Structures are given as C-alpha cells and as structure tokens.
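> Next up is a structure, given as structure tokens.
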Amino acid sequence: MRIGELAKRAGTTTRALRFYESQGLLEARRATNGYREYGDHDLRLVREIQSLQAVGLSLEDTRPFVACLRAGHESGDSCPDSREVYRRKLAEVDACLDRLGVVREFLLARLAFQDPCVVPEETRCS
C-alpha cells in the first residue's frame with residue numbers, strides 16, 4: 001500500500017508517517033517509480049506506536065516495542081527492553097500520583113480551614 005492508504009488505515013497523516021520514517025521507526029520500501037510502499041506489518045508498527053503514545057509514552061519510548069515487532073515477536077511488549085520501558089513509565093506514574101496526593105491533601109486542608117477572623121454571613125447579627 002502507498003503512504004496515503006497507510007495513513008488512512010492508521011488514522012494518521014502522511015506527514016506523521018514520514019516523521020516516523022525520518023526517526024527510523026518506519027521503513028518504507030520504494031517502488032521503481034520512487035513511491036513509498038508499505039505492508040500490513042507496517043500498519044501494525046504504526047498502530048503500536050500510536051497506542052503507546054496514547055498512554056503517554058514518548059516517541060523515543062516506542063523504539064523497543066517497534067524493534068520487538070520487527071524481530072518477529074507476536075507482541076511489541078514481549079521483549080526485555082520493552083518491559084523495562086513499562087517499568088520506568090510505571091515509576092514515573094507512581095511518582096506523579098504521590099505528588100498529586102500531596103497536592104490533594106493540601107487543598108483539602110485549606111478547604112477545611114476556618115479563618116477565625118471571618119464570621120459567616122448566616123451567623124452575623126443585623
């Protein structure tokens with residue numbers, strides 16, 4: 001399939017596919033007329049990249065998954081390097097959740113705080 005068809009089937013743009021190619025994540029074969037040609041395996045690679053980016057992995061983080069699929073594995077996350085990316089990303093998510101917990105507790109404490117200098121309107125005397 002040509003680049004336009006791959007883009008359409010993957011739900012992306014030809015520009016994104018060219019960028020993936022420039023980053024070494026996608027390899028196009030060239031027809032005699034110079035057009036890029038892709039197969040179903042390339043569609044699988046693009047979908048893998050998209051799904052990983054959708055959950056917050058960077059384009060660089062997708063490299064081990066692409067390499068794993070290129071090596072013939074059934075799944076991009078079945079290789080040790082891919083699993084390591086998951087571990088690193090999970091540690092980042094856990095750290096972020098910890099920080100958000102601290103922020104949440106701070107906000108709850110501020111909402112619960114009653115300033116003794118301010119008298120609520122419903123308790124004021126007229």
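Residue numbers start at 1 in each chain; chains themselves are named A, B, ... in the order of the structure tokens; ligands are numbered from 1 in the order shown.
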Skip Val66 in chain A itself and residues of its chain fewer than 4 positions away, then list as an NGL selection string all residues within 12 Å of it, counting only C-alpha atoms.
:A and (20 or 23-27 or 41-52 or 59-62 or 70-79 or 81-82)
> Got a sec: who's within 9 Å of range 33-39 of chain A, counting only C-alpha atoms, leaving out chain neighbours fewer than 6 positions off, as a PyMOL selection string?
chain A and resi 1-3+6+27
> Would you list, as a PDB file with C-alpha atoms, in the first residue's frame, the residues of chain A that end up in strand (DSSP E or B) under DSSP run on this structure's backbone?

ATOM      1  CA  ARG A   2       1.103   3.559  -0.575  1.00  0.00           C
ATOM      2  CA  ARG A  29      10.258   0.167   0.572  1.00  0.00           C
ATOM      3  CA  ARG A  30      10.496   2.148  -2.637  1.00  0.00           C
ATOM      4  CA  ARG A  36       6.861   4.558  -0.710  1.00  0.00           C
ATOM      5  CA  GLU A  37       5.262   1.156  -0.291  1.00  0.00           C
TER       6      GLU A  37
END
> Quote the spacing between CA of Arg88 in chain A and CA of Arg18 in chain A in Å to one decimal place.
28.1 Å
> DSSP on the backbone: which residues in range 12-108 of chain A end up as alpha helix (DSSP H)? Give the answer as an MDAnalysis selection string.
chainID A and resid 14:22 40:54 63:70 80:108
> Can I get the selected residues back with C-alpha atoms, as a PDB file, in the first residue's frame?

ATOM      1  CA  THR A  14       1.251  11.150   5.705  1.00  0.00           C
ATOM      2  CA  ARG A  15       3.330  13.782   7.475  1.00  0.00           C
ATOM      3  CA  ALA A  16       3.343  11.700  10.677  1.00  0.00           C
ATOM      4  CA  LEU A  17       4.388   8.608   8.713  1.00  0.00           C
ATOM      5  CA  ARG A  18       7.233  10.490   7.065  1.00  0.00           C
ATOM      6  CA  PHE A  19       8.311  11.694  10.504  1.00  0.00           C
ATOM      7  CA  TYR A  20       8.265   8.116  11.852  1.00  0.00           C
ATOM      8  CA  GLU A  21      10.400   7.162   8.875  1.00  0.00           C
ATOM      9  CA  SER A  22      12.848  10.009   9.497  1.00  0.00           C
ATOM     10  CA  ASP A  40       0.353  -4.861   6.783  1.00  0.00           C
ATOM     11  CA  HIS A  41       3.332  -5.250   9.119  1.00  0.00           C
ATOM     12  CA  ASP A  42       3.984  -1.516   8.766  1.00  0.00           C
ATOM     13  CA  LEU A  43       0.377  -0.805   9.687  1.00  0.00           C
ATOM     14  CA  ARG A  44       0.897  -2.916  12.807  1.00  0.00           C
ATOM     15  CA  LEU A  45       4.012  -0.895  13.689  1.00  0.00           C
ATOM     16  CA  VAL A  46       2.185   2.405  13.271  1.00  0.00           C
ATOM     17  CA  ARG A  47      -0.721   1.213  15.404  1.00  0.00           C
ATOM     18  CA  GLU A  48       1.725   0.067  18.096  1.00  0.00           C
ATOM     19  CA  ILE A  49       3.385   3.499  18.097  1.00  0.00           C
ATOM     20  CA  GLN A  50       0.006   5.230  18.279  1.00  0.00           C
ATOM     21  CA  SER A  51      -1.305   3.095  21.125  1.00  0.00           C
ATOM     22  CA  LEU A  52       1.858   3.620  23.168  1.00  0.00           C
ATOM     23  CA  GLN A  53       1.809   7.371  22.607  1.00  0.00           C
ATOM     24  CA  ALA A  54      -1.884   7.458  23.562  1.00  0.00           C
ATOM     25  CA  ARG A  63      11.612   2.202  19.887  1.00  0.00           C
ATOM     26  CA  PRO A  64      11.994  -1.057  21.852  1.00  0.00           C
ATOM     27  CA  PHE A  65       8.421  -2.057  21.004  1.00  0.00           C
ATOM     28  CA  VAL A  66       8.964  -1.423  17.304  1.00  0.00           C
ATOM     29  CA  ALA A  67      12.242  -3.364  17.419  1.00  0.00           C
ATOM     30  CA  CYS A  68      10.486  -6.230  19.169  1.00  0.00           C
ATOM     31  CA  LEU A  69       7.822  -6.434  16.472  1.00  0.00           C
ATOM     32  CA  ARG A  70      10.435  -6.160  13.728  1.00  0.00           C
ATOM     33  CA  PRO A  80      13.013  -7.251  27.840  1.00  0.00           C
ATOM     34  CA  ASP A  81      13.730  -3.708  26.611  1.00  0.00           C
ATOM     35  CA  SER A  82      10.013  -3.061  26.154  1.00  0.00           C
ATOM     36  CA  ARG A  83       9.238  -4.359  29.633  1.00  0.00           C
ATOM     37  CA  GLU A  84      11.897  -2.011  31.013  1.00  0.00           C
ATOM     38  CA  VAL A  85      10.154   0.959  29.389  1.00  0.00           C
ATOM     39  CA  TYR A  86       6.935  -0.138  31.129  1.00  0.00           C
ATOM     40  CA  ARG A  87       8.754  -0.344  34.476  1.00  0.00           C
ATOM     41  CA  ARG A  88      10.282   3.107  34.046  1.00  0.00           C
ATOM     42  CA  LYS A  89       6.989   4.650  32.961  1.00  0.00           C
ATOM     43  CA  LEU A  90       5.176   2.986  35.873  1.00  0.00           C
ATOM     44  CA  ALA A  91       7.712   4.508  38.299  1.00  0.00           C
ATOM     45  CA  GLU A  92       7.061   7.929  36.719  1.00  0.00           C
ATOM     46  CA  VAL A  93       3.302   7.480  37.081  1.00  0.00           C
ATOM     47  CA  ASP A  94       3.664   6.380  40.718  1.00  0.00           C
ATOM     48  CA  ALA A  95       5.803   9.451  41.481  1.00  0.00           C
ATOM     49  CA  CYS A  96       3.234  11.684  39.821  1.00  0.00           C
ATOM     50  CA  LEU A  97       0.422  10.089  41.839  1.00  0.00           C
ATOM     51  CA  ASP A  98       2.416  10.656  45.029  1.00  0.00           C
ATOM     52  CA  ARG A  99       2.837  14.345  44.158  1.00  0.00           C
ATOM     53  CA  LEU A 100      -0.857  14.649  43.335  1.00  0.00           C
ATOM     54  CA  GLY A 101      -1.717  13.053  46.693  1.00  0.00           C
ATOM     55  CA  VAL A 102       0.297  15.738  48.475  1.00  0.00           C
ATOM     56  CA  VAL A 103      -1.462  18.463  46.473  1.00  0.00           C
ATOM     57  CA  ARG A 104      -4.853  16.890  47.234  1.00  0.00           C
ATOM     58  CA  GLU A 105      -4.175  16.797  50.954  1.00  0.00           C
ATOM     59  CA  PHE A 106      -3.035  20.418  50.897  1.00  0.00           C
ATOM     60  CA  LEU A 107      -6.206  21.508  49.101  1.00  0.00           C
ATOM     61  CA  LEU A 108      -8.443  19.523  51.444  1.00  0.00           C
TER      62      LEU A 108
END
